[in-house]
$ cat protein_23.cif   # mmCIF, C-alpha atoms and all ligand atoms
data_my_file
loop_
_atom_site.label_atom_id
_atom_site.label_comp_id
_atom_site.auth_asym_id
_atom_site.auth_seq_id
_atom_site.Cartn_x
_atom_site.Cartn_y
_atom_site.Cartn_z
CA MET Q 29 101.27 94.12 119.25
CA LYS Q 30 104.13 91.73 118.50
CA ASN Q 31 104.20 89.67 115.34
CA SER Q 32 106.52 86.93 114.13
CA TYR Q 33 108.21 89.13 111.51
CA SER Q 34 111.18 91.11 112.77
CA ASN Q 35 110.81 93.84 110.13
CA ILE Q 36 107.04 94.44 110.32
CA PHE Q 37 106.41 97.29 112.73
CA THR Q 38 103.21 98.50 114.36
CA PHE Q 39 102.38 102.11 113.67
CA ASN Q 40 103.22 104.13 116.79
CA LYS Q 41 105.27 107.22 117.67
CA LYS Q 42 108.53 105.35 118.12
CA ASN Q 43 108.24 103.45 114.83
CA LEU Q 44 107.11 106.55 112.99
CA LYS Q 45 110.33 108.24 114.11
CA LYS Q 46 112.40 105.22 113.13
CA THR Q 47 110.78 105.20 109.68
CA ILE Q 48 111.42 108.89 109.15
CA ASN Q 49 115.06 108.52 110.27
CA ASN Q 50 115.53 105.80 107.69
CA LEU Q 51 113.96 107.87 104.92
CA ASN Q 52 116.18 110.82 105.87
CA LYS Q 53 119.19 108.52 105.48
CA ASN Q 54 118.00 107.67 101.95
CA ASN Q 55 116.99 104.13 102.93
CA LEU Q 56 113.89 102.41 101.61
CA VAL Q 57 110.82 101.53 103.70
CA CYS Q 58 107.51 99.82 102.91
CA LEU Q 59 104.39 101.81 103.67
CA PRO Q 60 100.65 101.22 103.49
CA THR Q 61 98.47 103.26 101.16
CA GLU Q 62 94.72 102.98 100.59
CA THR Q 63 95.39 101.13 97.30
CA VAL Q 64 98.36 98.76 97.86
CA TYR Q 65 101.58 98.74 99.90
CA GLY Q 66 104.42 100.84 98.47
CA LEU Q 67 108.21 100.68 98.50
CA GLY Q 68 109.14 104.27 99.27
CA GLY Q 69 112.22 106.45 99.33
CA ASN Q 70 113.42 110.02 98.77
CA ALA Q 71 112.41 111.02 95.23
CA TYR Q 72 115.14 113.67 95.13
CA SER Q 73 117.98 111.22 95.80
CA LYS Q 74 119.73 109.32 93.02
CA THR Q 75 121.02 106.52 95.26
CA THR Q 76 117.55 105.98 96.71
CA ILE Q 77 115.94 105.72 93.28
CA GLN Q 78 118.65 103.29 92.19
CA LYS Q 79 117.93 101.15 95.29
CA ILE Q 80 114.22 101.03 94.39
CA PHE Q 81 114.82 99.79 90.84
CA LYS Q 82 117.36 97.25 92.07
CA LEU Q 83 115.23 95.81 94.87
CA LYS Q 84 112.17 95.54 92.65
CA GLY Q 85 114.13 94.17 89.72
CA ARG Q 86 112.33 96.81 87.68
CA PRO Q 87 113.55 98.00 84.27
CA THR Q 88 114.77 101.59 84.56
CA SER Q 89 112.56 102.49 81.58
CA ASN Q 90 109.47 102.13 83.78
CA PRO Q 91 108.99 105.39 85.75
CA LEU Q 92 107.89 105.65 89.40
CA ILE Q 93 105.02 107.54 91.01
CA VAL Q 94 106.07 110.41 93.27
CA HIS Q 95 103.92 110.81 96.40
CA TYR Q 96 103.19 114.14 98.13
CA TYR Q 97 101.32 115.40 101.18
CA ASN Q 98 99.36 118.13 99.39
CA LEU Q 99 99.06 120.55 96.49
CA ASN Q 100 101.50 123.13 97.89
CA ASP Q 101 104.30 120.59 97.86
CA VAL Q 102 104.15 119.88 94.11
CA ILE Q 103 104.38 123.36 92.66
CA ASP Q 104 108.18 123.39 92.42
CA ASP Q 105 108.29 120.00 90.71
CA VAL Q 106 105.49 119.91 88.12
CA ILE Q 107 103.53 122.27 85.89
CA THR Q 108 99.97 122.14 87.19
CA ASN Q 109 96.90 122.91 85.09
CA LYS Q 110 93.16 123.49 85.49
CA LEU Q 111 92.16 119.89 84.84
CA PHE Q 112 94.56 118.71 87.53
CA LYS Q 113 93.25 121.22 90.06
CA LYS Q 114 89.65 120.15 89.45
CA LEU Q 115 90.47 116.47 89.95
CA TYR Q 116 92.68 117.23 92.94
CA LYS Q 117 89.85 119.11 94.63
CA LYS Q 118 87.42 116.27 94.13
CA PHE Q 119 89.53 113.15 94.69
CA CYS Q 120 92.62 114.01 96.74
CA PRO Q 121 93.99 112.70 98.90
CA GLY Q 122 92.89 109.51 97.19
CA PRO Q 123 93.54 106.68 94.72
CA ILE Q 124 94.40 108.70 91.62
CA THR Q 125 97.75 109.46 89.95
CA PHE Q 126 98.30 112.40 87.61
CA ILE Q 127 100.82 112.59 84.78
CA LEU Q 128 101.96 116.20 84.45
CA LYS Q 129 104.83 118.00 82.79
CA ARG Q 130 107.99 118.22 84.81
CA LYS Q 131 109.35 121.66 85.72
CA ILE Q 132 112.88 122.20 84.45
CA SER Q 133 113.90 123.24 87.96
CA SER Q 134 112.26 120.14 89.50
CA LYS Q 135 114.35 118.37 92.14
CA ILE Q 136 112.85 114.94 91.39
CA HIS Q 137 115.71 112.79 90.27
CA PRO Q 138 115.39 112.18 86.48
CA LEU Q 139 115.85 108.43 87.01
CA ALA Q 140 112.57 108.34 88.96
CA CYS Q 141 110.78 109.53 85.80
CA ALA Q 142 112.79 107.26 83.48
CA LYS Q 143 114.27 110.50 82.10
CA LEU Q 144 110.89 111.53 80.62
CA ASN Q 145 109.77 115.15 80.71
CA THR Q 146 106.64 114.11 82.61
CA VAL Q 147 106.10 113.06 86.23
CA ALA Q 148 103.48 110.83 87.83
CA ILE Q 149 102.27 112.37 91.09
CA ARG Q 150 99.88 111.08 93.73
CA PHE Q 151 98.49 112.12 97.12
CA PRO Q 152 97.77 108.94 99.07
CA LYS Q 153 95.00 108.92 101.64
CA HIS Q 154 96.20 106.34 104.18
CA LYS Q 155 96.81 108.09 107.50
CA VAL Q 156 100.10 106.27 108.18
CA THR Q 157 101.73 107.42 104.96
CA ARG Q 158 100.20 110.87 105.25
CA SER Q 159 101.69 111.31 108.71
CA ILE Q 160 105.10 110.49 107.22
CA LEU Q 161 104.72 112.72 104.15
CA LYS Q 162 103.78 115.58 106.46
CA LYS Q 163 107.00 115.29 108.42
CA ILE Q 164 109.64 114.82 105.71
CA ASN Q 165 111.14 117.47 103.44
CA PHE Q 166 110.96 115.53 100.19
CA PRO Q 167 108.34 113.56 98.27
CA LEU Q 168 108.43 109.75 98.15
CA ALA Q 169 109.08 107.81 94.98
CA MET Q 170 106.94 104.79 95.73
CA PRO Q 171 106.09 101.94 93.38
CA SER Q 172 104.03 99.03 94.63
CA ALA Q 173 106.03 96.91 97.10
CA ASN Q 174 106.48 93.84 94.93
CA ARG Q 175 109.18 92.38 92.73
CA SER Q 176 108.63 93.48 89.13
CA ASN Q 177 105.71 91.66 87.41
CA ASN Q 178 104.29 90.17 90.63
CA VAL Q 179 100.95 91.24 92.04
CA SER Q 180 100.94 94.19 94.45
CA PRO Q 181 100.84 93.40 98.19
CA VAL Q 182 97.80 94.42 100.23
CA ILE Q 183 98.89 93.19 103.68
CA PRO Q 184 102.29 93.47 105.45
CA ALA Q 185 102.95 89.70 105.29
CA ASP Q 186 102.65 89.89 101.48
CA VAL Q 187 105.30 92.61 101.44
CA PHE Q 188 107.53 90.34 103.54
CA ASP Q 189 107.02 87.53 101.02
CA GLU Q 190 108.30 89.84 98.27
CA PHE Q 191 111.45 91.25 99.89
CA LYS Q 192 112.01 89.11 103.01
CA LYS Q 193 114.72 90.80 105.16
CA ARG Q 194 116.08 92.94 102.35
CA ILE Q 195 113.89 95.74 103.63
CA LYS Q 196 114.43 97.08 107.17
CA ILE Q 197 111.00 98.48 107.87
CA ILE Q 198 107.52 97.42 106.79
CA LEU Q 199 105.05 99.68 108.55
CA ASP Q 200 101.79 97.92 109.38
CA GLY Q 201 98.72 99.82 108.25
CA GLY Q 202 96.39 96.82 108.05
CA LYS Q 203 94.82 95.55 104.86
CA CYS Q 204 94.67 98.13 102.06
CA LYS Q 205 91.01 99.07 101.63
CA ILE Q 206 90.98 99.45 97.86
CA GLY Q 207 93.34 96.60 97.00
CA ILE Q 208 94.28 97.56 93.43
CA GLU Q 209 96.55 100.32 92.22
CA SER Q 210 95.48 103.94 91.67
CA THR Q 211 93.87 105.19 88.47
CA VAL Q 212 96.59 106.82 86.31
CA VAL Q 213 95.38 109.78 84.27
CA ASP Q 214 97.56 111.64 81.81
CA LEU Q 215 96.80 115.38 81.88
CA THR Q 216 99.68 116.57 79.71
CA ASN Q 217 97.39 116.66 76.70
CA LYS Q 218 93.77 115.64 76.20
CA PRO Q 219 92.96 113.67 79.37
CA LYS Q 220 93.59 110.00 79.00
CA ILE Q 221 93.40 107.07 81.39
CA LEU Q 222 96.62 105.05 81.28
CA ARG Q 223 95.68 102.64 84.04
CA PRO Q 224 92.06 102.11 85.16
CA GLY Q 225 91.30 102.07 88.88
CA ILE Q 226 88.50 102.50 91.40
CA ILE Q 227 88.02 106.12 90.33
CA ASP Q 228 86.60 105.34 86.90
CA LYS Q 229 86.42 107.19 83.60
CA ASN Q 230 82.80 108.32 84.12
CA SER Q 231 83.51 109.98 87.45
CA ILE Q 232 86.55 111.74 85.98
CA GLU Q 233 84.55 112.94 82.96
CA LYS Q 234 81.85 114.24 85.28
CA ILE Q 235 84.33 116.48 87.09
CA LEU Q 236 86.27 117.60 84.01
CA LYS Q 237 83.10 118.05 81.96
CA CYS Q 238 84.88 116.66 78.91
CA LYS Q 239 85.57 113.32 77.23
CA VAL Q 240 88.38 111.24 78.63
CA THR Q 241 90.01 108.48 76.58
CA GLY Q 242 90.79 105.10 78.00
CA ASN Q 243 93.90 103.35 76.69
CA LEU Q 244 92.59 99.84 76.90
CA LYS Q 245 92.20 99.31 73.20
CA THR Q 246 95.15 101.32 71.97
CA LYS Q 247 98.78 100.41 72.52
CA ASN Q 248 100.03 103.14 74.75
CA LYS Q 249 103.71 103.82 74.93
CA ARG Q 250 103.42 106.57 77.51
CA SER Q 251 102.93 104.22 80.42
CA PRO Q 252 105.73 101.76 79.91
CA GLY Q 253 104.77 99.54 82.84
CA MET Q 254 101.39 98.90 81.31
CA MET Q 255 102.71 97.44 78.10
CA LYS Q 256 103.77 93.99 79.06
CA LYS Q 257 102.79 91.06 81.21
CA HIS Q 258 102.18 92.33 84.71
CA TYR Q 259 100.37 91.57 87.94
CA SER Q 260 101.16 87.89 87.61
CA PRO Q 261 100.40 85.46 90.46
CA GLY Q 262 103.17 83.21 89.09
CA ILE Q 263 100.87 80.51 87.67
CA PRO Q 264 98.78 80.55 84.47
CA VAL Q 265 95.53 82.52 84.63
CA LEU Q 266 92.63 81.78 82.26
CA ILE Q 267 89.91 84.43 81.96
CA ASN Q 268 86.23 84.34 80.86
CA GLN Q 269 85.91 80.74 82.06
CA LYS Q 270 82.55 78.99 82.12
CA LYS Q 271 83.34 75.48 83.30
CA HIS Q 272 85.59 74.32 86.12
CA ASP Q 273 88.22 71.86 84.93
CA GLY Q 274 88.02 69.91 88.19
CA VAL Q 275 91.50 70.69 89.53
CA SER Q 276 92.33 74.39 89.08
CA ALA Q 277 91.41 77.20 91.46
CA PHE Q 278 88.23 78.85 90.18
CA ILE Q 279 87.64 82.55 90.93
CA TYR Q 280 84.12 83.98 90.58
CA LEU Q 281 81.77 86.66 91.89
CA GLY Q 282 78.80 85.79 94.15
CA PHE Q 283 77.99 82.86 96.46
CA LYS Q 284 76.82 80.17 94.07
CA HIS Q 285 79.73 77.83 94.85
CA LYS Q 286 80.06 78.69 98.54
CA GLY Q 287 81.82 75.94 100.49
CA LYS Q 288 82.82 74.00 97.36
CA LYS Q 289 86.43 72.85 97.06
CA HIS Q 290 88.60 74.83 94.59
CA PHE Q 291 86.11 77.76 94.37
CA PHE Q 292 87.07 81.27 95.56
CA SER Q 293 84.58 84.14 95.58
CA LEU Q 294 85.91 87.68 95.11
CA SER Q 295 82.76 89.01 96.74
CA GLU Q 296 79.81 87.00 98.01
CA LYS Q 297 77.54 90.02 97.63
CA SER Q 298 78.87 90.55 94.08
CA SER Q 299 80.27 94.00 94.89
CA LEU Q 300 82.87 95.00 92.30
CA ASN Q 301 84.67 97.24 94.82
CA GLU Q 302 84.92 94.38 97.28
CA ALA Q 303 86.08 92.11 94.46
CA ALA Q 304 88.89 94.52 93.59
CA SER Q 305 89.99 94.66 97.22
CA ASN Q 306 90.20 90.85 97.43
CA LEU Q 307 91.71 90.01 94.04
CA TYR Q 308 95.44 90.09 94.85
CA GLU Q 309 95.01 88.48 98.26
CA ILE Q 310 93.10 85.59 96.66
CA TYR Q 311 95.75 85.24 93.93
CA ARG Q 312 98.42 84.90 96.62
CA LEU Q 313 96.31 82.51 98.70
CA ILE Q 314 95.74 80.25 95.68
CA LYS Q 315 99.45 80.22 94.86
CA LYS Q 316 100.30 79.34 98.49
CA LYS Q 317 97.81 76.47 98.43
CA GLY Q 318 99.85 74.95 95.62
CA TYR Q 319 97.39 75.26 92.71
CA LYS Q 320 98.98 75.07 89.28
CA LYS Q 321 96.41 77.13 87.39
CA ILE Q 322 93.69 79.75 87.97
CA GLN Q 323 90.41 79.94 86.08
CA ILE Q 324 88.34 83.14 86.38
CA SER Q 325 84.73 83.53 85.31
CA LYS Q 326 83.63 86.55 83.27
CA ILE Q 327 83.48 89.78 85.26
CA GLN Q 328 81.12 92.61 84.38
CA ASN Q 329 83.04 95.32 82.54
CA LYS Q 330 81.72 98.45 84.23
CA GLY Q 331 82.78 100.69 87.13
CA SER Q 332 85.50 98.95 89.14
CA GLY Q 333 84.97 95.90 86.93
CA ILE Q 334 86.97 97.70 84.22
CA ALA Q 335 90.00 97.92 86.54
CA ILE Q 336 89.58 94.30 87.65
CA ASN Q 337 89.37 93.11 84.04
CA ASP Q 338 92.44 95.15 83.16
CA ARG Q 339 94.47 93.45 85.91
CA ILE Q 340 93.25 89.90 85.31
CA LYS Q 341 93.74 90.26 81.58
CA ARG Q 342 97.34 91.36 82.11
CA SER Q 343 97.93 88.59 84.61
CA SER Q 344 96.71 86.08 82.01
CA LYS Q 345 99.42 87.07 79.53
CA LEU Q 346 102.23 84.58 79.62
O1 LIG Q 401 98.27 102.80 93.87
C1 LIG Q 401 99.37 103.05 93.38
O2 LIG Q 401 99.53 103.84 92.43
C2 LIG Q 401 100.61 102.38 94.03
C3 LIG Q 401 100.78 102.95 95.44
C4 LIG Q 401 101.98 102.38 96.16
O3 LIG Q 401 100.83 104.35 95.39
N1 LIG Q 401 101.78 102.59 93.24
C5 LIG Q 401 101.97 101.98 92.04
O4 LIG Q 401 103.20 102.27 91.46
O5 LIG Q 401 101.15 101.24 91.52
P1 LIG Q 401 103.83 101.41 90.28
O6 LIG Q 401 105.22 101.91 90.12
O7 LIG Q 401 103.69 99.98 90.59
O8 LIG Q 401 103.00 101.83 89.02
C6 LIG Q 401 103.22 103.10 88.43
C7 LIG Q 401 102.60 103.16 87.06
C8 LIG Q 401 103.39 102.35 86.06
O9 LIG Q 401 102.49 101.70 85.19
C9 LIG Q 401 104.21 103.42 85.33
O10 LIG Q 401 104.53 103.04 84.01
C10 LIG Q 401 103.25 104.59 85.35
O11 LIG Q 401 102.63 104.52 86.62
N2 LIG Q 401 103.99 105.88 85.24
C11 LIG Q 401 104.83 106.43 86.12
N3 LIG Q 401 105.35 107.59 85.65
C12 LIG Q 401 104.80 107.77 84.44
C13 LIG Q 401 104.94 108.79 83.43
N4 LIG Q 401 105.74 109.83 83.60
N5 LIG Q 401 104.22 108.65 82.30
C14 LIG Q 401 103.40 107.58 82.12
N6 LIG Q 401 103.22 106.60 83.02
C15 LIG Q 401 103.93 106.68 84.16
MG MG Q 402 103.39 98.00 90.46
#

$ encode --input "protein_23.cif" --output "structure tokens" --more "lines below"
Ligand code: TXA
Ligand code: MG
Amino acid sequence: MKNSYSNIFTFNKKNLKKTINNLNKNNLVCLPTETVYGLGGNAYSKTTIQKIFKLKGRPTSNPLIVHYYNLNDVIDDVITNKLFKKLYKKFCPGPITFILKRKISSKIHPLACAKLNTVAIRFPKHKVTRSILKKINFPLAMPSANRSNNVSPVIPADVFDEFKKRIKIILDGGKCKIGIESTVVDLTNKPKILRPGIIDKNSIEKILKCKVTGNLKTKNKRSPGMMKKHYSPGIPVLINQKKHDGVSAFIYLGFKHKGKKHFFSLSEKSSLNEAASNLYEIYRLIKKKGYKKIQISKIQNKGSGIAINDRIKRSSKL
């Protein structure tokens, strides 16, 4: 199918080959994952990692997630442990990222890990990215495909809006099903959630059969990207709102205001998973419509609601 963007490509054999050729030449490409679109490149190559930080405008102190096809591929790069293997078995490939200790002999370029002695690794589930990971001889350093501090893209056109023609290939994998970034869990010590996601603390505790800490209340220096303002739609966001001010875009859950001007429902059936998958797309839509401010009603703080609240809270920080 043709589209009006010259750098958004349909997923087929020819474009798969083109994408792989580019990755082999240490170029960057944008790929779909089940969570959000990523900006990927060879995690073993210094020039590639430098290109990622530059294109995103990301501080080099904020490390990248390294993406692999499966368990066998990581053993030369990180020190695995029992907790990791349990979670891998249950959730991978899927929307969860593990922080593990880096092997001294690891080929991951130190810049990808912001020179830390830990690495964030993930095994994405989306078939397009899996078919690429299967065919290349290196893992992909792949942050979300947005300029630093913006919200992550969940459709190819959103990726285009971020980088325009500065990226040669955006591979079309449709809308990302999950719509918010993976859960990040630190397994280098007592398990700790650094970034909440669709796989929540309870389901992780169930598999590990031990307590897992969340970092929401404590200031956590181990996940640098989570410290500051992030996930911003580019206009002020007010959370826990009860009353519409008459002019701002108002985001809520349910169908109470269906059809009313200025009101945007994250999920008419009040599903928190559906709400998560629509959040960033609605942020972008509201911005495009020219609104100057977003109000968001209170969202239940359980299950995926914890991840949604984490993102909207961060996006409300000016
Ligand atoms: O769903 C996702 O995880 C997406 C898709 C594309 O895979 N990727 C993503 O990457 O969200 P990024 O770079 O936007 O977010 C990575 C997060 C940041 O908050 C970063 O600080 C944290 O992971 N991180 C990476 N390496 C880390 C490390 N060694 N220790 C602690 N946190 C780390
Ligand atoms: Mg990001």

$ closest_residue --input "protein_23.cif" --among "Q:Val213, Q:Ala304, Q:Leu59, Q:Ile263" --to "Ile195 of chain Q" --atoms "only C-alpha atoms"
Q:Leu59

$ closest_residue --input "protein_23.cif" --among "Q:Lys234, Q:Lys153, Q:Lys113, Q:Lys192" --to "Asn174 of chain Q" --atoms "all atoms listed in the file"
Q:Lys192

$ residues_near_point --input "protein_23.cif" --point "(112.5, 116.2, 102.7)" --cutoff "12 Å" --atoms "all atoms listed in the file" --output "MDAnalysis selection string"
chainID Q and resid 48:54 69:73 95:97 101 135:136 160:169

$ closest_atom_pairs --input "protein_23.cif" --of "chain Q" --to "ligand MG 402 (chain Q)" --cutoff "9 Å" --atoms "only C-alpha atoms and all ligand atoms" --output "tab-separated table"
residue	atom	partner	partner_atom	distance
Q:Val64	CA	Q:MG402	MG	9.0
Q:Gly66	CA	Q:MG402	MG	8.6
Q:Leu92	CA	Q:MG402	MG	8.9
Q:Pro171	CA	Q:MG402	MG	5.6
Q:Ser172	CA	Q:MG402	MG	4.3
Q:Ala173	CA	Q:MG402	MG	7.2
Q:Asn174	CA	Q:MG402	MG	6.8
Q:Arg175	CA	Q:MG402	MG	8.4
Q:Ser176	CA	Q:MG402	MG	7.0
Q:Asn177	CA	Q:MG402	MG	7.4
Q:Asn178	CA	Q:MG402	MG	7.9
Q:Val179	CA	Q:MG402	MG	7.4
Q:Ser180	CA	Q:MG402	MG	6.0
Q:Glu209	CA	Q:MG402	MG	7.4
Q:Gly253	CA	Q:MG402	MG	7.9
Q:His258	CA	Q:MG402	MG	8.2
Q:Tyr259	CA	Q:MG402	MG	7.5

$ closest_residue --input "protein_23.cif" --among "Q:Lys41, Q:Arg150, Q:Lys239, Q:Lys315" --to "Gly262 of chain Q" --atoms "only C-alpha atoms"
Q:Lys315

$ atom_distance --input "protein_23.cif" --atom1 "atom CA of Ile197 of chain Q" --atom2 "atom O3 of ligand LIG 401 (chain Q)"
17.1 Å

$ closest_residue --input "protein_23.cif" --among "Q:His137, Q:Lys205, Q:Lys117, Q:Lys155" --to "Ile93 of chain Q" --atoms "all atoms listed in the file"
Q:His137

$ residues_around --input "protein_23.cif" --residues "Glu302 of chain Q" --least-positions-apart "2" --cutoff "12 Å" --atoms "only C-alpha atoms" --output "PDB file with C-alpha atoms, in the coordinates of the input"
ATOM      1  CA  CYS Q 204      94.670  98.130 102.060  1.00  0.00           C
ATOM      2  CA  LYS Q 205      91.010  99.070 101.630  1.00  0.00           C
ATOM      3  CA  ILE Q 206      90.980  99.450  97.860  1.00  0.00           C
ATOM      4  CA  GLY Q 207      93.340  96.600  97.000  1.00  0.00           C
ATOM      5  CA  ILE Q 208      94.280  97.560  93.430  1.00  0.00           C
ATOM      6  CA  ILE Q 226      88.500 102.500  91.400  1.00  0.00           C
ATOM      7  CA  LEU Q 281      81.770  86.660  91.890  1.00  0.00           C
ATOM      8  CA  GLY Q 282      78.800  85.790  94.150  1.00  0.00           C
ATOM      9  CA  SER Q 293      84.580  84.140  95.580  1.00  0.00           C
ATOM     10  CA  LEU Q 294      85.910  87.680  95.110  1.00  0.00           C
ATOM     11  CA  SER Q 295      82.760  89.010  96.740  1.00  0.00           C
ATOM     12  CA  GLU Q 296      79.810  87.000  98.010  1.00  0.00           C
ATOM     13  CA  LYS Q 297      77.540  90.020  97.630  1.00  0.00           C
ATOM     14  CA  SER Q 298      78.870  90.550  94.080  1.00  0.00           C
ATOM     15  CA  SER Q 299      80.270  94.000  94.890  1.00  0.00           C
ATOM     16  CA  LEU Q 300      82.870  95.000  92.300  1.00  0.00           C
ATOM     17  CA  ALA Q 304      88.890  94.520  93.590  1.00  0.00           C
ATOM     18  CA  SER Q 305      89.990  94.660  97.220  1.00  0.00           C
ATOM     19  CA  ASN Q 306      90.200  90.850  97.430  1.00  0.00           C
ATOM     20  CA  LEU Q 307      91.710  90.010  94.040  1.00  0.00           C
ATOM     21  CA  TYR Q 308      95.440  90.090  94.850  1.00  0.00           C
ATOM     22  CA  GLU Q 309      95.010  88.480  98.260  1.00  0.00           C
ATOM     23  CA  SER Q 332      85.500  98.950  89.140  1.00  0.00           C
ATOM     24  CA  GLY Q 333      84.970  95.900  86.930  1.00  0.00           C
ATOM     25  CA  ILE Q 336      89.580  94.300  87.650  1.00  0.00           C
TER      26      ILE Q 336
END

$ closest_residue --input "protein_23.cif" --among "Q:Ala148, Q:Leu313, Q:Ile132, Q:Leu111" --to "ligand LIG 401 (chain Q)" --atoms "only C-alpha atoms and all ligand atoms"
Q:Ala148

$ closest_residue --input "protein_23.cif" --among "Q:Val265, Q:Ile198, Q:Leu115, Q:Leu144" --to "Tyr65 of chain Q" --atoms "all atoms listed in the file"
Q:Ile198

$ atom_distance --input "protein_23.cif" --atom1 "atom CA of His290 of chain Q" --atom2 "atom CA of Lys321 of chain Q"
10.9 Å

$ residues_near_point --input "protein_23.cif" --point "(109.0, 97.1, 118.0)" --cutoff "10 Å" --atoms "all atoms listed in the file" --output "list in words"
Met29, Lys30, Asn31, Ser34, Asn35, Ile36, Phe37, Thr38, Phe39, Asn40, Lys42 and Asn43 of chain Q

$ atom_distance --input "protein_23.cif" --atom1 "atom CA of Asn337 of chain Q" --atom2 "atom CA of Lys320 of chain Q"
21.1 Å

$ build_atoms --input "protein_23.cif" --residues "segment 164-181 of chain Q" --atoms "N, CA and C atoms" --output "CSV table (one decimal), keeping the file's coordinate frame"
chain,number,residue,atom,x,y,z
Q,164,ILE,N,108.4,114.9,106.4
Q,164,ILE,CA,109.6,114.8,105.7
Q,164,ILE,C,109.7,116.0,104.7
Q,165,ASN,N,111.0,116.3,104.3
Q,165,ASN,CA,111.1,117.5,103.4
Q,165,ASN,C,111.3,117.1,102.0
Q,166,PHE,N,110.8,115.9,101.6
Q,166,PHE,CA,111.0,115.5,100.2
Q,166,PHE,C,109.8,114.6,99.9
Q,167,PRO,N,109.4,114.5,98.6
Q,167,PRO,CA,108.3,113.6,98.3
Q,167,PRO,C,108.9,112.1,98.2
Q,168,LEU,N,108.0,111.2,98.2
Q,168,LEU,CA,108.4,109.8,98.2
Q,168,LEU,C,108.2,109.1,96.8
Q,169,ALA,N,109.2,108.7,96.2
Q,169,ALA,CA,109.1,107.8,95.0
Q,169,ALA,C,108.6,106.5,95.5
Q,170,MET,N,107.5,106.0,95.1
Q,170,MET,CA,106.9,104.8,95.7
Q,170,MET,C,106.1,103.9,94.8
Q,171,PRO,N,106.8,102.9,94.2
Q,171,PRO,CA,106.1,101.9,93.4
Q,171,PRO,C,105.5,100.9,94.3
Q,172,SER,N,104.6,100.1,93.8
Q,172,SER,CA,104.0,99.0,94.6
Q,172,SER,C,105.2,98.1,95.2
Q,173,ALA,N,104.9,97.6,96.4
Q,173,ALA,CA,106.0,96.9,97.1
Q,173,ALA,C,106.1,95.4,96.7
Q,174,ASN,N,106.3,95.2,95.4
Q,174,ASN,CA,106.5,93.8,94.9
Q,174,ASN,C,107.6,93.8,94.0
Q,175,ARG,N,108.2,92.6,93.8
Q,175,ARG,CA,109.2,92.4,92.7
Q,175,ARG,C,108.5,92.6,91.4
Q,176,SER,N,109.2,93.1,90.4
Q,176,SER,CA,108.6,93.5,89.1
Q,176,SER,C,107.8,92.3,88.5
Q,177,ASN,N,106.6,92.6,88.0
Q,177,ASN,CA,105.7,91.7,87.4
Q,177,ASN,C,104.8,90.9,88.4
Q,178,ASN,N,105.2,90.9,89.7
Q,178,ASN,CA,104.3,90.2,90.6
Q,178,ASN,C,103.1,91.0,90.9
Q,179,VAL,N,102.1,90.4,91.6
Q,179,VAL,CA,101.0,91.2,92.0
Q,179,VAL,C,101.3,92.1,93.2
Q,180,SER,N,100.7,93.3,93.4
Q,180,SER,CA,100.9,94.2,94.4
Q,180,SER,C,100.5,93.6,95.8
Q,181,PRO,N,101.2,93.9,96.9
Q,181,PRO,CA,100.8,93.4,98.2
Q,181,PRO,C,99.8,94.3,98.8
